[in-house]
>>> print(open('my_file-v5.pdb').read())   # PDB, C-alpha atoms
MODEL        1
ATOM      1  CA  MET S   1      23.442   7.755  14.428
ATOM      2  CA  ALA S   2      22.471   4.135  13.858
ATOM      3  CA  GLU S   3      18.848   5.271  13.742
ATOM      4  CA  VAL S   4      19.635   7.765  10.980
ATOM      5  CA  VAL S   5      21.564   5.241   8.899
ATOM      6  CA  THR S   6      18.787   2.665   9.312
ATOM      7  CA  PHE S   7      16.137   5.142   8.242
ATOM      8  CA  TYR S   8      17.959   6.240   5.109
ATOM      9  CA  ALA S   9      18.909   2.700   4.095
ATOM     10  CA  LEU S  10      15.331   1.460   4.522
ATOM     11  CA  SER S  11      13.949   4.512   2.708
ATOM     12  CA  VAL S  12      16.163   3.845  -0.280
ATOM     13  CA  ILE S  13      15.113   0.175  -0.339
ATOM     14  CA  ILE S  14      11.403   1.027   0.010
ATOM     15  CA  LEU S  15      11.412   3.657  -2.741
ATOM     16  CA  ALA S  16      13.644   1.696  -5.131
ATOM     17  CA  PHE S  17      11.587  -1.480  -4.862
ATOM     18  CA  GLY S  18       8.365   0.532  -5.017
ATOM     19  CA  LEU S  19       9.525   1.937  -8.351
ATOM     20  CA  LEU S  20      10.484  -1.560  -9.516
ATOM     21  CA  VAL S  21       7.004  -2.823  -8.580
ATOM     22  CA  VAL S  22       5.248  -0.301 -10.796
ATOM     23  CA  THR S  23       7.725  -0.482 -13.697
ATOM     24  CA  ALA S  24       8.493  -4.207 -13.958
ATOM     25  CA  ARG S  25       7.168  -5.741 -17.181
ATOM     26  CA  ASN S  26       6.578  -9.192 -15.727
ATOM     27  CA  THR S  27       3.818  -9.329 -13.098
ATOM     28  CA  ILE S  28       5.545 -12.126 -11.173
ATOM     29  CA  TYR S  29       8.625  -9.919 -10.772
ATOM     30  CA  SER S  30       6.350  -7.112  -9.587
ATOM     31  CA  ILE S  31       5.031  -9.359  -6.833
ATOM     32  CA  LEU S  32       8.512 -10.465  -5.766
ATOM     33  CA  PHE S  33       9.607  -6.812  -5.563
ATOM     34  CA  LEU S  34       6.453  -6.089  -3.580
ATOM     35  CA  ILE S  35       7.490  -8.722  -1.011
ATOM     36  CA  VAL S  36      10.849  -6.981  -0.507
ATOM     37  CA  ASP S  37       9.062  -3.643  -0.234
ATOM     38  CA  PHE S  38       6.671  -4.901   2.456
ATOM     39  CA  LEU S  39       9.534  -6.501   4.400
ATOM     40  CA  ALA S  40      11.448  -3.216   4.299
ATOM     41  CA  VAL S  41       8.376  -1.381   5.630
ATOM     42  CA  ALA S  42       8.123  -4.000   8.400
ATOM     43  CA  LEU S  43      11.772  -3.352   9.271
ATOM     44  CA  LEU S  44      11.010   0.373   9.363
ATOM     45  CA  TYR S  45       8.240  -0.335  11.905
ATOM     46  CA  ALA S  46      10.654  -2.477  13.912
ATOM     47  CA  ALA S  47      13.162   0.385  13.851
ATOM     48  CA  MET S  48      10.411   2.572  15.349
ATOM     49  CA  ASN S  49      10.097   0.026  18.208
ATOM     50  CA  SER S  50       6.665  -1.021  16.949
ATOM     51  CA  LEU S  51       7.294  -4.737  16.950
ATOM     52  CA  LEU S  52       3.593  -5.679  16.979
ATOM     53  CA  LEU S  53       2.899  -3.770  13.766
ATOM     54  CA  ALA S  54       6.056  -5.178  12.194
ATOM     55  CA  MET S  55       4.812  -8.687  12.926
ATOM     56  CA  ILE S  56       1.333  -7.909  11.601
ATOM     57  CA  GLN S  57       2.847  -6.376   8.472
ATOM     58  CA  VAL S  58       4.862  -9.526   7.787
ATOM     59  CA  LEU S  59       2.019 -11.914   8.628
ATOM     60  CA  VAL S  60      -0.834 -10.162   6.816
ATOM     61  CA  TYR S  61       0.929  -8.569   3.868
ATOM     62  CA  VAL S  62       3.761 -10.962   3.062
ATOM     63  CA  GLY S  63       2.049 -14.081   4.335
ATOM     64  CA  GLY S  64      -1.499 -13.377   3.212
ATOM     65  CA  ILE S  65      -2.038 -10.681   0.618
ATOM     66  CA  VAL S  66       1.042 -11.377  -1.490
ATOM     67  CA  VAL S  67       0.254 -15.096  -1.598
ATOM     68  CA  LEU S  68      -3.246 -14.166  -2.793
ATOM     69  CA  TYR S  69      -1.706 -12.059  -5.566
ATOM     70  CA  LEU S  70       0.595 -14.920  -6.547
ATOM     71  CA  PHE S  71      -2.383 -17.295  -6.791
ATOM     72  CA  VAL S  72      -4.265 -14.898  -9.029
ATOM     73  CA  VAL S  73      -1.280 -14.282 -11.298
ATOM     74  CA  ILE S  74      -0.748 -18.012 -11.647
ATOM     75  CA  LEU S  75      -4.446 -18.602 -12.367
ATOM     76  CA  VAL S  76      -4.548 -15.779 -14.893
ATOM     77  CA  ASN S  77      -2.665 -16.662 -18.036
ATOM     78  CA  LEU S  78       0.414 -14.450 -18.311
ATOM     79  CA  LYS S  79       1.605 -15.747 -21.642
ATOM     80  CA  ARG S  80      -0.774 -13.510 -23.537
ATOM     81  CA  PRO S  81       1.085 -10.223 -24.195
ATOM     82  CA  SER S  82      -0.682  -7.209 -22.798
ATOM     83  CA  GLU S  83      -1.811  -4.755 -25.415
ATOM     84  CA  GLN S  84       0.024  -1.519 -25.938
ATOM     85  CA  HIS S  85      -1.930   1.287 -24.424
ATOM     86  CA  VAL S  86      -2.657   4.387 -26.491
ATOM     87  CA  ASP S  87      -4.728   6.905 -24.604
ATOM     88  CA  PRO S  88      -6.346   9.403 -26.971
ATOM     89  CA  GLY S  89      -7.347  11.693 -24.114
ATOM     90  CA  ARG S  90      -3.932  11.944 -22.494
ATOM     91  CA  LYS S  91      -3.279  15.407 -21.098
ATOM     92  CA  SER S  92       0.479  15.397 -20.623
ATOM     93  CA  VAL S  93       0.785  19.146 -20.084
ATOM     94  CA  ILE S  94      -1.888  19.317 -17.377
ATOM     95  CA  GLY S  95      -0.448  16.259 -15.644
ATOM     96  CA  GLY S  96       3.055  17.709 -15.777
ATOM     97  CA  VAL S  97       1.885  21.028 -14.331
ATOM     98  CA  MET S  98       0.039  19.285 -11.481
ATOM     99  CA  ALA S  99       3.034  17.058 -10.711
ATOM    100  CA  ALA S 100       5.293  20.132 -10.680
ATOM    101  CA  ALA S 101       2.844  21.855  -8.310
ATOM    102  CA  VAL S 102       2.956  18.919  -5.890
ATOM    103  CA  LEU S 103       6.748  18.805  -6.091
ATOM    104  CA  ALA S 104       6.972  22.554  -5.417
ATOM    105  CA  GLU S 105       4.635  22.174  -2.464
ATOM    106  CA  LEU S 106       6.735  19.380  -0.955
ATOM    107  CA  THR S 107       9.898  21.406  -1.536
ATOM    108  CA  VAL S 108       8.392  24.412   0.240
ATOM    109  CA  ILE S 109       7.410  22.210   3.181
ATOM    110  CA  GLY S 110      10.893  20.721   3.336
ATOM    111  CA  VAL S 111      12.630  24.096   3.146
ATOM    112  CA  TYR S 112      10.275  25.633   5.709
ATOM    113  CA  ASN S 113      10.922  22.768   8.064
ATOM    114  CA  ALA S 114      14.678  23.030   7.582
ATOM    115  CA  ILE S 115      14.558  26.752   8.445
ATOM    116  CA  ARG S 116      12.151  26.428  11.354
ATOM    117  CA  PRO S 117      12.375  22.943  12.863
ATOM    118  CA  SER S 118       9.115  22.021  14.522
ATOM    119  CA  VAL S 119       9.140  21.237  18.221
ATOM    120  CA  VAL S 120       8.032  17.695  18.797
ATOM    121  CA  PRO S 121       8.231  15.576  21.918
ATOM    122  CA  GLY S 122      10.895  12.912  21.876
ATOM    123  CA  ALA S 123       9.896   9.564  20.497
ATOM    124  CA  ALA S 124       8.323   7.292  23.069
ATOM    125  CA  THR S 125       9.881   3.868  23.244
ATOM    126  CA  ASP S 126       7.056   1.598  24.364
ATOM    127  CA  VAL S 127       4.089   3.054  22.474
ATOM    128  CA  GLY S 128       4.106   0.186  19.991
ATOM    129  CA  SER S 129       4.257  -2.562  22.583
ATOM    130  CA  VAL S 130       1.668  -5.323  22.463
ATOM    131  CA  GLU S 131       0.339  -4.210  25.831
ATOM    132  CA  LYS S 132      -0.317  -0.569  24.864
ATOM    133  CA  VAL S 133      -1.757  -1.321  21.432
ATOM    134  CA  GLY S 134      -3.876  -4.178  22.746
ATOM    135  CA  MET S 135      -5.217  -2.003  25.546
ATOM    136  CA  ALA S 136      -6.257   0.719  23.087
ATOM    137  CA  LEU S 137      -7.659  -1.824  20.642
ATOM    138  CA  PHE S 138      -9.829  -3.655  23.164
ATOM    139  CA  THR S 139     -11.088  -0.690  25.188
ATOM    140  CA  ASN S 140     -11.461   2.531  23.201
ATOM    141  CA  TYR S 141     -11.653   0.845  19.810
ATOM    142  CA  LEU S 142     -13.615  -2.270  20.699
ATOM    143  CA  ILE S 143     -16.594  -1.502  18.431
ATOM    144  CA  PRO S 144     -14.447  -0.578  15.398
ATOM    145  CA  PHE S 145     -12.525  -3.794  16.056
ATOM    146  CA  GLU S 146     -15.736  -5.845  15.917
ATOM    147  CA  VAL S 147     -16.860  -3.962  12.805
ATOM    148  CA  ALA S 148     -13.520  -4.773  11.187
ATOM    149  CA  SER S 149     -14.050  -8.455  11.925
ATOM    150  CA  MET S 150     -17.506  -8.245  10.322
ATOM    151  CA  LEU S 151     -15.916  -6.526   7.318
ATOM    152  CA  LEU S 152     -13.408  -9.341   6.945
ATOM    153  CA  LEU S 153     -16.172 -11.945   7.183
ATOM    154  CA  VAL S 154     -18.269 -10.177   4.548
ATOM    155  CA  ALA S 155     -15.209  -9.753   2.310
ATOM    156  CA  MET S 156     -14.410 -13.446   2.630
ATOM    157  CA  VAL S 157     -17.957 -14.484   1.702
ATOM    158  CA  GLY S 158     -17.986 -11.977  -1.150
ATOM    159  CA  ALA S 159     -14.648 -13.150  -2.502
ATOM    160  CA  ILE S 160     -15.806 -16.769  -2.502
ATOM    161  CA  ILE S 161     -19.060 -15.876  -4.269
ATOM    162  CA  LEU S 162     -17.232 -13.750  -6.851
ATOM    163  CA  ALA S 163     -14.520 -16.269  -7.602
ATOM    164  CA  LYS S 164     -16.738 -19.349  -7.648
ATOM    165  CA  ARG S 165     -17.426 -20.680 -11.109
ATOM    166  CA  GLU S 166     -21.157 -21.109 -10.593
ATOM    167  CA  LEU S 167     -23.284 -20.912  -7.506
TER     168      LEU S 167
ATOM    169  CA  MET X   1      21.884  14.493   8.659
ATOM    170  CA  GLY X   2      20.381  15.365  12.001
ATOM    171  CA  ALA X   3      17.971  13.245  13.953
ATOM    172  CA  ILE X   4      15.030  11.641  12.198
ATOM    173  CA  THR X   5      11.988  13.890  12.591
ATOM    174  CA  PRO X   6       8.386  13.299  11.471
ATOM    175  CA  THR X   7       9.213  15.386   8.391
ATOM    176  CA  HIS X   8      11.499  12.633   7.156
ATOM    177  CA  TYR X   9       8.744  10.077   7.547
ATOM    178  CA  VAL X  10       6.204  12.349   5.860
ATOM    179  CA  LEU X  11       8.514  12.872   2.878
ATOM    180  CA  LEU X  12       9.193   9.126   2.594
ATOM    181  CA  SER X  13       5.466   8.492   2.820
ATOM    182  CA  ALA X  14       4.689  11.144   0.195
ATOM    183  CA  ALA X  15       7.262   9.656  -2.178
ATOM    184  CA  LEU X  16       5.870   6.137  -1.742
ATOM    185  CA  PHE X  17       2.336   7.491  -2.215
ATOM    186  CA  MET X  18       3.409   9.179  -5.449
ATOM    187  CA  ILE X  19       4.985   5.958  -6.710
ATOM    188  CA  GLY X  20       1.672   4.228  -6.040
ATOM    189  CA  VAL X  21      -0.304   6.931  -7.853
ATOM    190  CA  PHE X  22       2.131   6.706 -10.750
ATOM    191  CA  GLY X  23       1.519   2.968 -10.965
ATOM    192  CA  VAL X  24      -2.269   3.371 -10.835
ATOM    193  CA  LEU X  25      -2.219   5.985 -13.586
ATOM    194  CA  THR X  26       0.276   4.442 -15.992
ATOM    195  CA  ARG X  27      -0.137   0.672 -15.831
ATOM    196  CA  ARG X  28      -2.872  -1.155 -17.740
ATOM    197  CA  ASN X  29      -2.599  -4.488 -15.944
ATOM    198  CA  ILE X  30      -5.218  -4.459 -13.191
ATOM    199  CA  ILE X  31      -3.145  -6.739 -10.934
ATOM    200  CA  VAL X  32      -0.280  -4.242 -10.977
ATOM    201  CA  ILE X  33      -2.782  -1.456 -10.285
ATOM    202  CA  PHE X  34      -3.935  -3.357  -7.201
ATOM    203  CA  MET X  35      -0.336  -3.698  -6.063
ATOM    204  CA  SER X  36       0.090   0.060  -6.490
ATOM    205  CA  ILE X  37      -2.924   0.579  -4.245
ATOM    206  CA  GLU X  38      -1.239  -1.597  -1.617
ATOM    207  CA  LEU X  39       1.821   0.671  -1.875
ATOM    208  CA  ILE X  40      -0.414   3.703  -1.287
ATOM    209  CA  LEU X  41      -1.953   2.088   1.802
ATOM    210  CA  ASN X  42       1.537   1.312   3.080
ATOM    211  CA  ALA X  43       2.519   4.959   2.638
ATOM    212  CA  VAL X  44      -0.472   5.973   4.783
ATOM    213  CA  ASN X  45       0.544   3.432   7.421
ATOM    214  CA  ILE X  46       4.082   4.805   7.598
ATOM    215  CA  ASN X  47       2.611   8.225   8.366
ATOM    216  CA  LEU X  48       0.323   6.853  11.073
ATOM    217  CA  MET X  49       3.142   4.920  12.704
ATOM    218  CA  ALA X  50       5.581   7.834  12.613
ATOM    219  CA  PHE X  51       3.177  10.262  14.274
ATOM    220  CA  SER X  52       1.989   7.653  16.759
ATOM    221  CA  ASN X  53       5.559   7.058  17.858
ATOM    222  CA  GLN X  54       6.451  10.723  17.940
ATOM    223  CA  TRP X  55       3.509  11.743  20.103
ATOM    224  CA  GLY X  56       3.625   8.678  22.334
ATOM    225  CA  ASN X  57       0.038   7.739  21.528
ATOM    226  CA  SER X  58      -1.046   4.218  20.625
ATOM    227  CA  ASN X  59      -4.113   5.269  18.618
ATOM    228  CA  GLY X  60      -2.095   5.616  15.409
ATOM    229  CA  GLN X  61      -0.979   2.014  15.712
ATOM    230  CA  VAL X  62      -4.580   0.906  16.169
ATOM    231  CA  PHE X  63      -5.582   2.759  13.021
ATOM    232  CA  ALA X  64      -2.677   1.179  11.152
ATOM    233  CA  ILE X  65      -4.080  -2.218  12.158
ATOM    234  CA  PHE X  66      -7.486  -1.194  10.797
ATOM    235  CA  VAL X  67      -5.892  -0.030   7.546
ATOM    236  CA  ILE X  68      -4.179  -3.406   7.200
ATOM    237  CA  ALA X  69      -7.476  -5.215   7.872
ATOM    238  CA  VAL X  70      -9.276  -3.148   5.228
ATOM    239  CA  ALA X  71      -6.403  -3.731   2.801
ATOM    240  CA  ALA X  72      -6.768  -7.483   3.301
ATOM    241  CA  ALA X  73     -10.533  -7.302   2.670
ATOM    242  CA  GLU X  74      -9.978  -5.117  -0.379
ATOM    243  CA  ALA X  75      -7.385  -7.501  -1.803
ATOM    244  CA  ALA X  76      -9.664 -10.519  -1.333
ATOM    245  CA  VAL X  77     -12.705  -8.911  -2.982
ATOM    246  CA  GLY X  78     -10.660  -7.193  -5.688
ATOM    247  CA  LEU X  79      -8.838 -10.344  -6.701
ATOM    248  CA  GLY X  80     -12.169 -12.207  -6.728
ATOM    249  CA  ILE X  81     -13.498  -9.611  -9.148
ATOM    250  CA  ILE X  82     -10.352  -9.936 -11.289
ATOM    251  CA  LEU X  83     -10.795 -13.713 -11.460
ATOM    252  CA  ALA X  84     -14.476 -13.422 -12.373
ATOM    253  CA  PHE X  85     -13.660 -10.826 -15.014
ATOM    254  CA  TYR X  86     -10.818 -12.878 -16.456
ATOM    255  CA  ARG X  87     -13.118 -15.878 -16.731
ATOM    256  CA  ASN X  88     -15.544 -13.857 -18.891
ATOM    257  CA  LYS X  89     -13.202 -11.693 -20.942
ATOM    258  CA  GLU X  90      -9.835 -13.521 -20.954
ATOM    259  CA  THR X  91      -7.984 -10.306 -20.200
ATOM    260  CA  VAL X  92      -6.661  -8.266 -17.286
ATOM    261  CA  ASN X  93      -6.258  -5.082 -19.311
ATOM    262  CA  ILE X  94      -8.377  -2.287 -17.864
ATOM    263  CA  ASP X  95      -8.836  -0.681 -21.276
ATOM    264  CA  GLU X  96     -11.178  -3.550 -22.083
ATOM    265  CA  MET X  97     -13.139  -3.184 -18.855
ATOM    266  CA  ASN X  98     -15.662  -0.754 -20.283
ATOM    267  CA  VAL X  99     -18.872  -2.786 -20.281
ATOM    268  CA  MET X 100     -20.446  -0.716 -17.510
ATOM    269  CA  ARG X 101     -19.028   2.607 -18.574
ATOM    270  CA  TRP X 102     -22.286   4.246 -19.716
TER     271      TRP X 102
ENDMDL
END
>>> encode(input="my_file-v5.pdb", output="structure tokens")
Amino acid sequence: MAEVVTFYALSVIILAFGLLVVTARNTIYSILFLIVDFLAVALLYAAMNSLLLAMIQVLVYVGGIVVLYLFVVILVNLKRPSEQHVDPGRKSVIGGVMAAAVLAELTVIGVYNAIRPSVVPGAATDVGSVEKVGMALFTNYLIPFEVASMLLLVAMVGAIILAKREL
Amino acid sequence: MGAITPTHYVLLSAALFMIGVFGVLTRRNIIVIFMSIELILNAVNINLMAFSNQWGNSNGQVFAIFVIAVAAAEAAVGLGIILAFYRNKETVNIDEMNVMRW
């Protein structure tokens, strides 16, 4: 029961703050809402017993990426009002039809699942432990792990080159 | 309100994904568009984590870590590009980012 309540409460927080992120007029407010959103997702991971991923979510997203966004917003002058957008090629009808199609699809999936509940094994409790994830990461996924580290290095060098005033 | 099944997680993830797509399509501020992309990546991660937990397999968690690493790289490079662009054009509005369109 507690699991169900936690899930619904966190879902409401995640979706509400996600909507606030994309609708807020002020970019700084968007970033602050984004922090709450990421923390709620981290709590959702913690509720799934995946404490390692919850920690990584907080450290990397809230501690790293969001701070990067804040720096950029502070460096970029916000005082200038953003121009009103008028898209001459806007296809509202086509977009509405496609959105309705996606909604219908999701509804069908939900109804189908309510009628015929799928059989799934019960949730494992220790699958997100540091030991299990670390074992998978450093044995089966060792090469992707090294490639990811190379990617981060290249991204860091690229970001410095891009953001530097002159080389 | 039965137990929480993967369907619940998939629906939550789909809704968050749609919010992200909505932000990408409607906002003109490129910083907000980047934040919407982060929301989309988070939606994918929720899916990975839910199925990983449900099937008792750690591989989903490993892939979630990779997604987070790629998101960090993407944010660093993307924000570098935004800074470089802002220095040249004094704007973050994507309607004015049409120099390389043709």
>>> resolve_selection(input="my_file-v5.pdb", expression="the PyMOL selection byres ((chain S) within 6 of (chain X))", output="number ranges by chain")
S: 22, 123-124, 127, 133, 152, 155, 159, 162-163
>>> resolve_selection(input="my_file-v5.pdb", expression="the PyMOL selection byres ((chain S and resi 41) around 10)", output="VMD selection string")
(chain S and resid 10 to 11 13 to 14 35 to 40 42 to 47 54 57 to 58) or (chain X and resid 42 to 43 45 to 46)
>>> write_last_selection(input="my_file-v5.pdb", atoms="C-alpha atoms", output="PDB file, in the frame of the given file")
ATOM      1  CA  LEU S  10      15.331   1.460   4.522  1.00  0.00           C
ATOM      2  CA  SER S  11      13.949   4.512   2.708  1.00  0.00           C
ATOM      3  CA  ILE S  13      15.113   0.175  -0.339  1.00  0.00           C
ATOM      4  CA  ILE S  14      11.403   1.027   0.010  1.00  0.00           C
ATOM      5  CA  ILE S  35       7.490  -8.722  -1.011  1.00  0.00           C
ATOM      6  CA  VAL S  36      10.849  -6.981  -0.507  1.00  0.00           C
ATOM      7  CA  ASP S  37       9.062  -3.643  -0.234  1.00  0.00           C
ATOM      8  CA  PHE S  38       6.671  -4.901   2.456  1.00  0.00           C
ATOM      9  CA  LEU S  39       9.534  -6.501   4.400  1.00  0.00           C
ATOM     10  CA  ALA S  40      11.448  -3.216   4.299  1.00  0.00           C
ATOM     11  CA  ALA S  42       8.123  -4.000   8.400  1.00  0.00           C
ATOM     12  CA  LEU S  43      11.772  -3.352   9.271  1.00  0.00           C
ATOM     13  CA  LEU S  44      11.010   0.373   9.363  1.00  0.00           C
ATOM     14  CA  TYR S  45       8.240  -0.335  11.905  1.00  0.00           C
ATOM     15  CA  ALA S  46      10.654  -2.477  13.912  1.00  0.00           C
ATOM     16  CA  ALA S  47      13.162   0.385  13.851  1.00  0.00           C
ATOM     17  CA  ALA S  54       6.056  -5.178  12.194  1.00  0.00           C
ATOM     18  CA  GLN S  57       2.847  -6.376   8.472  1.00  0.00           C
ATOM     19  CA  VAL S  58       4.862  -9.526   7.787  1.00  0.00           C
TER      20      VAL S  58
ATOM     21  CA  ASN X  42       1.537   1.312   3.080  1.00  0.00           C
ATOM     22  CA  ALA X  43       2.519   4.959   2.638  1.00  0.00           C
ATOM     23  CA  ASN X  45       0.544   3.432   7.421  1.00  0.00           C
ATOM     24  CA  ILE X  46       4.082   4.805   7.598  1.00  0.00           C
TER      25      ILE X  46
END
>>> atom_distance(input="my_file-v5.pdb", atom1="CA of Gly128 (chain S)", atom2="CA of Phe17 (chain S)")
26.0 Å
>>> closest_residue(input="my_file-v5.pdb", among="S:Ile160, S:Pro144, S:Val73, S:Phe138", to="Ile30 (chain X)", atoms="all atoms listed in the file")
S:Val73
>>> atom_distance(input="my_file-v5.pdb", atom1="CA of Val130 (chain S)", atom2="CA of Met156 (chain S)")
26.8 Å
